[in-house]
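Source file: start.cif; contents: mmCIF, C-alpha atoms.
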```cif
data_final
loop_
_atom_site.label_atom_id
_atom_site.label_comp_id
_atom_site.auth_asym_id
_atom_site.auth_seq_id
_atom_site.Cartn_x
_atom_site.Cartn_y
_atom_site.Cartn_z
CA MET A 968 7.85 28.63 -22.20
CA GLN A 969 10.28 25.72 -21.75
CA LYS A 970 8.83 22.27 -22.29
CA PHE A 971 8.68 19.80 -19.42
CA SER A 972 10.72 17.34 -21.48
CA SER A 973 13.74 19.60 -20.95
CA TYR A 974 13.36 18.93 -17.22
CA LEU A 975 14.17 15.30 -17.94
CA ASP A 976 16.88 16.10 -20.48
CA HIS A 977 18.60 18.58 -18.17
CA PHE A 978 19.23 15.90 -15.54
CA GLY A 979 19.50 12.90 -17.86
CA PHE A 980 16.31 11.18 -16.74
CA HIS A 981 14.30 8.83 -18.94
CA GLN A 982 11.28 9.25 -16.67
CA ARG A 983 10.23 11.35 -13.69
CA PRO A 984 11.98 10.06 -10.57
CA PHE A 985 9.44 11.41 -8.11
CA SER A 986 6.02 10.77 -9.59
CA LEU A 987 3.23 10.64 -6.99
CA THR A 988 1.64 7.59 -8.63
CA PRO A 989 2.64 4.32 -6.88
CA ASP A 990 4.99 2.41 -9.19
CA PRO A 991 6.52 -0.97 -8.22
CA GLU A 992 9.49 -0.20 -10.51
CA PHE A 993 10.60 2.41 -7.96
CA LEU A 994 10.04 0.24 -4.91
CA PHE A 995 12.75 1.01 -2.34
CA TRP A 996 13.66 -1.88 -0.09
CA SER A 997 14.20 -0.16 3.22
CA ASP A 998 14.43 -2.37 6.31
CA ALA A 999 10.82 -1.49 7.13
CA ALA A 1000 9.64 -2.33 3.60
CA ARG A 1001 11.42 -5.68 3.77
CA GLY A 1002 9.80 -6.38 7.12
CA ALA A 1003 6.34 -5.54 5.79
CA TYR A 1004 6.85 -7.64 2.68
CA ALA A 1005 8.14 -10.57 4.70
CA MET A 1006 4.99 -10.41 6.81
CA LEU A 1007 2.80 -10.58 3.69
CA GLN A 1008 4.79 -13.60 2.51
CA TYR A 1009 4.53 -15.18 5.96
CA GLY A 1010 0.78 -14.65 6.08
CA LEU A 1011 0.32 -16.28 2.69
CA ALA A 1012 2.71 -19.18 3.31
CA THR A 1013 1.26 -20.08 6.70
CA ARG A 1014 -2.33 -19.72 5.46
CA ALA A 1015 -3.02 -17.14 8.14
CA PRO A 1016 -6.77 -16.45 8.25
CA ILE A 1017 -6.23 -12.68 8.50
CA THR A 1018 -3.10 -10.62 7.81
CA LEU A 1019 -2.93 -6.89 8.61
CA LEU A 1020 -0.55 -4.36 7.05
CA THR A 1021 -0.96 -0.81 8.33
CA GLY A 1022 0.89 2.46 7.90
CA GLU A 1023 0.35 6.19 7.87
CA ILE A 1024 -0.96 7.96 4.76
CA GLY A 1025 1.74 7.96 2.08
CA ALA A 1026 3.99 5.46 3.86
CA GLY A 1027 4.22 3.18 0.80
CA LYS A 1028 1.66 0.46 1.56
CA THR A 1029 0.06 0.47 -1.89
CA VAL A 1030 3.28 0.06 -3.88
CA LEU A 1031 4.31 -2.84 -1.62
CA LEU A 1032 0.93 -4.45 -2.18
CA GLN A 1033 1.21 -3.97 -5.95
CA HIS A 1034 4.61 -5.65 -5.97
CA PHE A 1035 3.35 -8.52 -3.86
CA ILE A 1036 0.41 -9.17 -6.16
CA GLU A 1037 2.68 -9.06 -9.22
CA GLU A 1038 4.85 -11.70 -7.58
CA VAL A 1039 2.03 -14.13 -6.76
CA GLU A 1040 -0.57 -13.53 -9.47
CA ASP A 1041 0.96 -16.17 -11.78
CA ASP A 1042 0.55 -18.86 -9.10
CA ASP A 1043 -2.12 -21.14 -10.55
CA THR A 1044 -2.88 -22.49 -7.07
CA LEU A 1045 -4.06 -19.07 -5.92
CA SER A 1046 -7.18 -17.08 -6.82
CA ILE A 1047 -6.84 -13.38 -5.91
CA ALA A 1048 -9.68 -10.89 -5.42
CA LEU A 1049 -8.41 -7.30 -5.01
CA VAL A 1050 -10.70 -4.59 -3.60
CA THR A 1051 -9.55 -0.95 -3.63
CA ASN A 1052 -12.81 1.01 -3.41
CA THR A 1053 -13.98 0.29 0.13
CA ARG A 1054 -16.48 2.59 1.75
CA PRO A 1055 -17.77 2.96 5.32
CA ASN A 1056 -20.64 0.61 6.19
CA THR A 1057 -20.17 -1.39 3.01
CA ARG A 1058 -22.38 -4.48 2.70
CA GLU A 1059 -20.85 -5.75 -0.54
CA ILE A 1060 -18.40 -8.23 0.95
CA LEU A 1061 -19.91 -11.33 -0.65
CA GLN A 1062 -20.06 -9.93 -4.17
CA TRP A 1063 -16.38 -8.97 -3.97
CA LEU A 1064 -15.69 -12.71 -3.93
CA LEU A 1065 -18.48 -13.69 -6.30
CA PRO A 1066 -19.35 -10.83 -8.73
CA GLU A 1067 -22.32 -12.78 -10.13
CA LEU A 1068 -24.18 -11.91 -6.91
CA LEU A 1069 -24.46 -8.34 -8.24
CA GLN A 1070 -27.27 -9.57 -10.48
CA SER A 1071 -28.78 -11.83 -7.83
CA ASP A 1072 -31.92 -11.24 -5.75
CA LEU A 1073 -31.01 -13.98 -3.26
CA GLY A 1074 -31.37 -13.35 0.45
CA GLU A 1075 -28.36 -12.86 2.69
CA GLU A 1076 -28.20 -16.47 3.90
CA ALA A 1077 -28.50 -17.84 0.36
CA ARG A 1078 -25.78 -15.47 -0.86
CA PHE A 1079 -23.46 -16.64 1.91
CA LEU A 1080 -24.08 -20.27 0.91
CA LYS A 1081 -23.26 -19.40 -2.72
CA VAL A 1082 -19.93 -17.93 -1.64
CA GLN A 1083 -19.23 -20.95 0.57
CA GLU A 1084 -19.86 -23.24 -2.40
CA PHE A 1085 -17.51 -21.13 -4.51
CA LEU A 1086 -14.71 -21.28 -1.92
CA ILE A 1087 -15.04 -25.04 -1.50
CA ARG A 1088 -15.13 -25.54 -5.27
CA GLU A 1089 -11.92 -23.52 -5.67
CA TYR A 1090 -10.28 -25.61 -2.93
CA ASN A 1091 -11.34 -28.89 -4.52
CA GLU A 1092 -9.84 -27.70 -7.82
CA GLY A 1093 -6.50 -27.06 -6.10
CA ARG A 1094 -6.81 -23.32 -5.56
CA ARG A 1095 -7.04 -21.26 -2.40
CA VAL A 1096 -8.69 -17.84 -2.42
CA LEU A 1097 -6.95 -14.66 -1.24
CA LEU A 1098 -9.14 -11.61 -0.68
CA VAL A 1099 -7.03 -8.42 -0.54
CA ILE A 1100 -8.69 -5.22 0.66
CA ASP A 1101 -6.84 -1.90 0.38
CA GLU A 1102 -7.95 1.15 2.41
CA ALA A 1103 -9.51 -1.33 4.84
CA GLN A 1104 -9.75 1.30 7.58
CA ASN A 1105 -12.99 2.32 5.85
CA LEU A 1106 -14.69 -0.97 6.70
CA SER A 1107 -17.40 -0.86 9.32
CA SER A 1108 -17.52 -3.22 12.30
CA GLU A 1109 -20.37 -5.07 10.57
CA ALA A 1110 -18.25 -5.56 7.44
CA LEU A 1111 -15.28 -6.81 9.46
CA GLU A 1112 -17.50 -9.27 11.30
CA GLU A 1113 -18.86 -10.55 7.99
CA LEU A 1114 -15.29 -11.07 6.80
CA ARG A 1115 -14.52 -13.01 9.98
CA MET A 1116 -17.46 -15.30 9.29
CA LEU A 1117 -16.05 -15.99 5.82
CA THR A 1118 -12.65 -16.97 7.25
CA ASN A 1119 -14.44 -19.56 9.41
CA ILE A 1120 -15.24 -21.58 6.30
CA ASN A 1121 -12.83 -24.50 6.14
CA LEU A 1122 -12.47 -28.13 5.19
CA GLY A 1123 -11.13 -30.02 8.16
CA LYS A 1124 -7.96 -28.19 9.19
CA GLU A 1125 -7.57 -26.44 5.84
CA GLU A 1126 -8.48 -22.76 5.36
CA VAL A 1127 -10.26 -22.10 2.06
CA LEU A 1128 -10.05 -18.29 2.31
CA GLN A 1129 -7.28 -15.95 3.42
CA LEU A 1130 -7.78 -12.26 4.05
CA PHE A 1131 -5.23 -9.45 3.65
CA LEU A 1132 -6.32 -6.09 5.05
CA ILE A 1133 -4.21 -3.05 4.11
CA GLY A 1134 -4.98 0.30 5.72
CA GLN A 1135 -4.14 3.31 7.82
CA PRO A 1136 -3.47 3.06 11.59
CA GLU A 1137 -7.18 3.40 12.34
CA LEU A 1138 -7.54 -0.15 11.07
CA ARG A 1139 -5.54 -1.44 14.03
CA ASP A 1140 -7.67 0.66 16.37
CA ASN A 1141 -10.85 -0.72 14.80
CA VAL A 1142 -9.71 -4.31 15.20
CA ARG A 1143 -9.01 -3.71 18.92
CA ARG A 1144 -12.62 -2.70 19.59
CA PRO A 1145 -14.35 -4.80 22.29
CA ASP A 1146 -17.03 -5.93 19.84
CA LEU A 1147 -14.38 -7.33 17.46
CA VAL A 1148 -12.52 -9.60 19.88
CA GLN A 1149 -13.28 -12.66 17.77
CA PHE A 1150 -11.99 -10.89 14.66
CA ALA A 1151 -8.75 -9.89 16.43
CA GLN A 1152 -8.21 -13.50 17.46
CA ARG A 1153 -8.18 -14.50 13.78
CA VAL A 1154 -5.35 -12.07 12.96
CA ALA A 1155 -2.30 -14.31 12.71
CA ALA A 1156 0.13 -11.85 11.08
CA ASN A 1157 0.41 -8.07 11.28
CA TYR A 1158 2.94 -5.32 10.58
CA HIS A 1159 2.96 -1.54 10.87
CA LEU A 1160 4.97 0.35 8.24
CA PRO A 1161 6.63 3.42 9.82
CA TYR A 1162 7.89 6.59 8.15
CA MET A 1163 11.54 6.74 7.09
CA LYS A 1164 14.42 8.07 9.16
CA ALA A 1165 16.94 10.66 7.91
CA ASP A 1166 19.56 8.25 6.53
CA THR A 1167 16.86 6.15 4.87
CA VAL A 1168 15.42 9.25 3.18
CA ALA A 1169 18.81 10.02 1.62
CA GLN A 1170 19.05 6.43 0.34
CA TYR A 1171 15.47 6.58 -0.94
CA ILE A 1172 16.16 9.77 -2.93
CA ALA A 1173 19.34 8.30 -4.45
CA HIS A 1174 17.48 5.10 -5.34
CA ARG A 1175 14.70 6.88 -7.23
CA LEU A 1176 17.17 9.10 -9.05
CA THR A 1177 19.10 6.02 -10.20
CA VAL A 1178 16.01 4.12 -11.35
CA ALA A 1179 14.98 7.15 -13.43
CA GLY A 1180 18.39 7.21 -15.13
CA GLY A 1181 19.96 10.05 -13.16
CA ARG A 1182 22.91 10.42 -10.83
CA PRO A 1183 22.33 9.19 -7.26
CA SER A 1184 24.32 12.15 -5.88
CA LEU A 1185 22.12 14.75 -7.59
CA PHE A 1186 20.80 15.88 -4.19
CA SER A 1187 23.47 17.00 -1.74
CA LYS A 1188 23.51 15.45 1.73
CA GLN A 1189 22.35 18.78 3.16
CA ALA A 1190 19.47 18.95 0.66
CA ALA A 1191 18.39 15.40 1.51
CA MET A 1192 18.48 16.25 5.22
CA LEU A 1193 16.22 19.26 4.69
CA VAL A 1194 13.83 17.09 2.67
CA PHE A 1195 13.64 14.75 5.66
CA GLU A 1196 13.10 17.61 8.10
CA ALA A 1197 10.30 19.11 6.01
CA THR A 1198 8.47 15.87 5.21
CA GLY A 1199 8.94 13.83 8.37
CA GLY A 1200 10.05 10.88 6.23
CA VAL A 1201 6.72 10.43 4.41
CA PRO A 1202 7.50 8.93 0.96
CA ARG A 1203 4.64 10.68 -0.81
CA LEU A 1204 5.69 14.07 0.56
CA ILE A 1205 9.34 13.35 -0.22
CA ASN A 1206 8.36 12.75 -3.84
CA GLN A 1207 6.40 15.98 -3.99
CA LEU A 1208 9.15 18.15 -2.49
CA CYS A 1209 11.95 16.55 -4.50
CA ASP A 1210 10.02 16.98 -7.74
CA MET A 1211 9.58 20.68 -6.99
CA ALA A 1212 13.25 21.03 -6.07
CA LEU A 1213 14.26 19.50 -9.40
CA THR A 1214 12.01 21.97 -11.19
CA TYR A 1215 13.58 24.90 -9.33
CA ALA A 1216 17.10 23.67 -10.08
CA TYR A 1217 16.25 23.23 -13.75
CA ALA A 1218 14.82 26.75 -13.96
CA GLU A 1219 18.08 28.08 -12.51
CA GLY A 1220 20.22 25.89 -14.78
CA ALA A 1221 21.79 24.28 -11.71
CA PRO A 1222 23.50 20.89 -12.17
CA VAL A 1223 22.72 19.68 -8.63
CA ILE A 1224 20.14 20.28 -5.92
CA LYS A 1225 21.57 21.98 -2.87
CA ARG A 1226 19.96 22.73 0.48
CA ALA A 1227 19.27 26.29 -0.73
CA THR A 1228 17.19 24.94 -3.61
CA VAL A 1229 14.97 22.91 -1.29
CA GLN A 1230 14.75 25.87 1.06
CA ALA A 1231 13.60 28.10 -1.80
CA VAL A 1232 10.70 25.70 -2.47
CA LEU A 1233 9.72 25.83 1.20
CA ASP A 1234 10.08 29.62 1.41
CA ASP A 1235 7.77 30.09 -1.58
CA GLY A 1236 5.00 28.28 0.27
CA ILE A 1237 4.03 25.99 -2.61
CA PHE A 1238 4.82 22.90 -0.57
CA PHE A 1239 2.86 22.30 2.61
CA SER A 1240 5.11 20.82 5.27
CA PRO A 1241 3.34 18.86 8.03
CA VAL A 1242 6.42 19.24 10.23
CA ASP A 1243 6.85 22.18 12.59
CA ARG A 1244 10.42 23.27 11.86
CA LYS A 1245 10.54 26.31 14.15
#
```
Now that the file is in, can you turn its structure into structure tokens?
Amino acid sequence: MQKFSSYLDHFGFHQRPFSLTPDPEFLFWSDAARGAYAMLQYGLATRAPITLLTGEIGAGKTVLLQHFIEEVEDDDTLSIALVTNTRPNTREILQWLLPELLQSDLGEEARFLKVQEFLIREYNEGRRVLLVIDEAQNLSSEALEELRMLTNINLGKEEVLQLFLIGQPELRDNVRRPDLVQFAQRVAANYHLPYMKADTVAQYIAHRLTVAGGRPSLFSKQAAMLVFEATGGVPRLINQLCDMALTYAYAEGAPVIKRATVQAVLDDGIFFSPVDRK
């Protein structure tokens, strides 16, 4: 059996170009990605109480968020709390900001006051607090309302807490619920990250190939178009299909990936396409 390392050697890669794990090194700055990133920067710079970034599954929200945090985490005027394990009906909002509450038997009102003291103390020491919640579509209405209450804490005109919510489109639907009108009014910045169009998919593929040390023209234009047609422009699915196509081409000893190679992957049924191509 041939070793997987030969897959990299065959095409001249120093790493896999289409890994499914989000990696800021491979971040592709499409127009949509730039728009989403600019909105995160705007939300932070204007001290927006609540900033929303939404997108379909696999649209690239997490890698954008990772890059953003890497850019701002060295700012000594900013304290960042990142939450990635949200669950429906969670009641752990306060301890996300103040982990010491995990060991506390204080009542709800006393816990809220502890968090308020923490936020004010951070502000008085020259730091503002940014709470970032990924997969925020999992938050219940009660959790969102609790977050709104936290963003009401301020000193004069100054906000002491900012909230970034990152999630799937359901998050936008949740925020529009009649019982969350007050929450929606606190959203000062929002952006929806769409899937990529055909020409952007071709550029995305070439970009990842280049970052991995390969030739940007390794996929033919026809192959890239079929990748778009089969994946609907979803980055995660593009990565999966392109990785399989590279494996097929390597097994055949082919120097490039043609449309027929991508079609062979699809014909074998090992890649599930969400797009009806009939």
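Interatomic distance, atom CA of Asp1140 of chain A to atom CA of Asn1105 of chain A: 11.9 Å.
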(request) Find the residues near Met1006 of chain A: any atom within 9 Å, counting only C-alpha atoms, skip ones fewer than 4 places away on the same chain, and give them as a list in words. (result) Arg1001, Gly1002, Gly1010, Leu1011, Thr1018, Leu1019, Leu1020, Ala1156, Asn1157 and Tyr1158 of chain A
(message) Distance cut-off 10 Å, centre (-1.2, 0.1, 13.4) in file coordinates, counting all atoms listed in the file: which residues qualify? Return them as a list in words.
(response)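 The residues near that point, listed by chain and number, are Leu1019, Leu1020, Thr1021, Gly1022, Glu1023, Gly1134, Gln1135, Pro1136, Glu1137, Leu1138, Arg1139, Asp1140, Asn1141, Val1142, Asn1157, Tyr1158, His1159, Leu1160 and Pro1161 of chain A.
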(request) Can you work out which one of A:Ile1224, A:Ala1048, A:Leu1106, A:Met1163 has the shortest atom-to-atom distance to Ala999 of chain A, counting only C-alpha atoms? (result)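 Using only C-alpha atoms, Ala999 of chain A sits closest to A:Met1163.
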(request) Name the residues captured by the PyMOL selection byres ((chain A and resi 1029-1031) around 10) when it is applied to the shown file; answer as JSON, numbers by chain. (result) {"A": [988, 989, 990, 991, 992, 993, 994, 995, 996, 1000, 1001, 1003, 1004, 1007, 1025, 1026, 1027, 1028, 1032, 1033, 1034, 1035, 1036, 1037, 1051, 1101, 1102, 1133, 1134]}
(message) Need to verify the contact set: Asp1043 of chain A, 12 Å, only C-alpha atoms, exclusion of same-chain residues closer than 4 positions in sequence. Can you return it as number ranges by chain?
(response) A: 1039, 1047, 1089, 1092-1096
(request) With the file shown as input, list the residues that the PyMOL selection byres ((chain A and resi 1015) around 9) selects, as a ChimeraX atom specification. (result) /A:1009-1014,1016-1018,1126,1129-1130,1153-1156
(message) Between atom CA of Val1127 of chain A and atom CA of Gln1104 of chain A, what distance in Å does the model show, to one decimal?
(response) 24.0 Å
(message) Residues within 6 Å of Phe985 of chain A, please, as a PyMOL selection string. Count all atoms listed in the file; anything in the same chain fewer than 2 positions from it doesn't count.
(response) chain A and resi 983+1206+1210
(request) Write out as a VMD selection string which residues come within 12 Å of Met1116 of chain A when counting only C-alpha atoms, dropping same-chain ones fewer than 4 positions away. (result) chain A and resid 1016 to 1017 1060 to 1061 1079 to 1080 1082 to 1083 1109 to 1112 1120 to 1121 1128 to 1130 1147 1149 to 1150 1153
Could you complete segment 1204-1230 of chain A so that it carries N, CA, C and O atoms, and give it back as a short mmCIF file (atom, residue, chain, number, x, y, z; two decimals), in the coordinates of the input?
```
data_model
loop_
_atom_site.label_atom_id
_atom_site.label_comp_id
_atom_site.auth_asym_id
_atom_site.auth_seq_id
_atom_site.Cartn_x
_atom_site.Cartn_y
_atom_site.Cartn_z
N LEU A 1204 5.28 12.67 0.43
CA LEU A 1204 5.69 14.07 0.56
C LEU A 1204 7.12 14.28 0.08
O LEU A 1204 7.45 15.33 -0.49
N ILE A 1205 7.97 13.29 0.29
CA ILE A 1205 9.34 13.35 -0.22
C ILE A 1205 9.31 13.49 -1.74
O ILE A 1205 10.01 14.32 -2.33
N ASN A 1206 8.48 12.68 -2.38
CA ASN A 1206 8.36 12.75 -3.84
C ASN A 1206 7.91 14.13 -4.29
O ASN A 1206 8.45 14.70 -5.26
N GLN A 1207 6.93 14.68 -3.61
CA GLN A 1207 6.40 15.98 -3.99
C GLN A 1207 7.45 17.08 -3.86
O GLN A 1207 7.65 17.89 -4.78
N LEU A 1208 8.15 17.10 -2.72
CA LEU A 1208 9.15 18.15 -2.49
C LEU A 1208 10.35 17.99 -3.41
O LEU A 1208 10.86 18.99 -3.95
N CYS A 1209 10.81 16.77 -3.62
CA CYS A 1209 11.95 16.55 -4.50
C CYS A 1209 11.63 16.92 -5.94
O CYS A 1209 12.48 17.47 -6.67
N ASP A 1210 10.42 16.62 -6.39
CA ASP A 1210 10.02 16.98 -7.74
C ASP A 1210 10.04 18.50 -7.92
O ASP A 1210 10.51 19.01 -8.96
N MET A 1211 9.55 19.22 -6.92
CA MET A 1211 9.58 20.68 -6.99
C MET A 1211 11.01 21.20 -6.97
O MET A 1211 11.35 22.16 -7.69
N ALA A 1212 11.86 20.60 -6.15
CA ALA A 1212 13.25 21.03 -6.07
C ALA A 1212 13.97 20.83 -7.40
O ALA A 1212 14.77 21.68 -7.83
N LEU A 1213 13.68 19.73 -8.08
CA LEU A 1213 14.26 19.50 -9.40
C LEU A 1213 13.80 20.56 -10.40
O LEU A 1213 14.58 21.04 -11.23
N THR A 1214 12.54 20.94 -10.30
CA THR A 1214 12.01 21.97 -11.19
C THR A 1214 12.70 23.31 -10.94
O THR A 1214 13.05 24.03 -11.88
N TYR A 1215 12.89 23.65 -9.67
CA TYR A 1215 13.58 24.90 -9.33
C TYR A 1215 15.01 24.88 -9.84
O TYR A 1215 15.50 25.87 -10.40
N ALA A 1216 15.71 23.77 -9.64
CA ALA A 1216 17.10 23.67 -10.08
C ALA A 1216 17.20 23.77 -11.60
O ALA A 1216 18.11 24.42 -12.13
N TYR A 1217 16.26 23.15 -12.29
CA TYR A 1217 16.25 23.23 -13.75
C TYR A 1217 16.03 24.66 -14.22
O TYR A 1217 16.71 25.15 -15.14
N ALA A 1218 15.10 25.36 -13.58
CA ALA A 1218 14.82 26.75 -13.96
C ALA A 1218 16.05 27.64 -13.77
O ALA A 1218 16.25 28.60 -14.52
N GLU A 1219 16.87 27.31 -12.78
CA GLU A 1219 18.08 28.08 -12.51
C GLU A 1219 19.27 27.60 -13.32
O GLU A 1219 20.35 28.21 -13.29
N GLY A 1220 19.11 26.47 -14.03
CA GLY A 1220 20.22 25.89 -14.78
C GLY A 1220 21.25 25.23 -13.89
O GLY A 1220 22.40 25.02 -14.31
N ALA A 1221 20.87 24.88 -12.67
CA ALA A 1221 21.79 24.28 -11.71
C ALA A 1221 22.00 22.79 -12.01
O ALA A 1221 21.04 22.09 -12.35
N PRO A 1222 23.23 22.31 -11.88
CA PRO A 1222 23.50 20.89 -12.17
C PRO A 1222 23.16 19.95 -11.01
O PRO A 1222 23.03 18.75 -11.21
N VAL A 1223 23.04 20.49 -9.80
CA VAL A 1223 22.72 19.68 -8.63
C VAL A 1223 21.69 20.41 -7.77
O VAL A 1223 21.44 21.61 -7.97
N ILE A 1224 21.11 19.69 -6.83
CA ILE A 1224 20.14 20.28 -5.92
C ILE A 1224 20.82 20.44 -4.57
O ILE A 1224 21.20 19.45 -3.94
N LYS A 1225 20.97 21.68 -4.16
CA LYS A 1225 21.57 21.98 -2.87
C LYS A 1225 20.49 22.30 -1.84
O LYS A 1225 19.32 22.44 -2.18
N ARG A 1226 20.90 22.43 -0.60
CA ARG A 1226 19.96 22.73 0.48
C ARG A 1226 19.20 24.02 0.18
O ARG A 1226 18.00 24.13 0.43
N ALA A 1227 19.90 25.00 -0.42
CA ALA A 1227 19.27 26.29 -0.73
C ALA A 1227 18.13 26.13 -1.72
O ALA A 1227 17.14 26.88 -1.67
N THR A 1228 18.26 25.17 -2.63
CA THR A 1228 17.19 24.94 -3.61
C THR A 1228 15.93 24.42 -2.92
O THR A 1228 14.82 24.88 -3.19
N VAL A 1229 16.11 23.45 -2.04
CA VAL A 1229 14.97 22.91 -1.29
C VAL A 1229 14.37 23.99 -0.40
O VAL A 1229 13.14 24.12 -0.29
N GLN A 1230 15.23 24.80 0.20
CA GLN A 1230 14.75 25.87 1.06
C GLN A 1230 13.94 26.88 0.28
O GLN A 1230 12.93 27.42 0.78
#
```
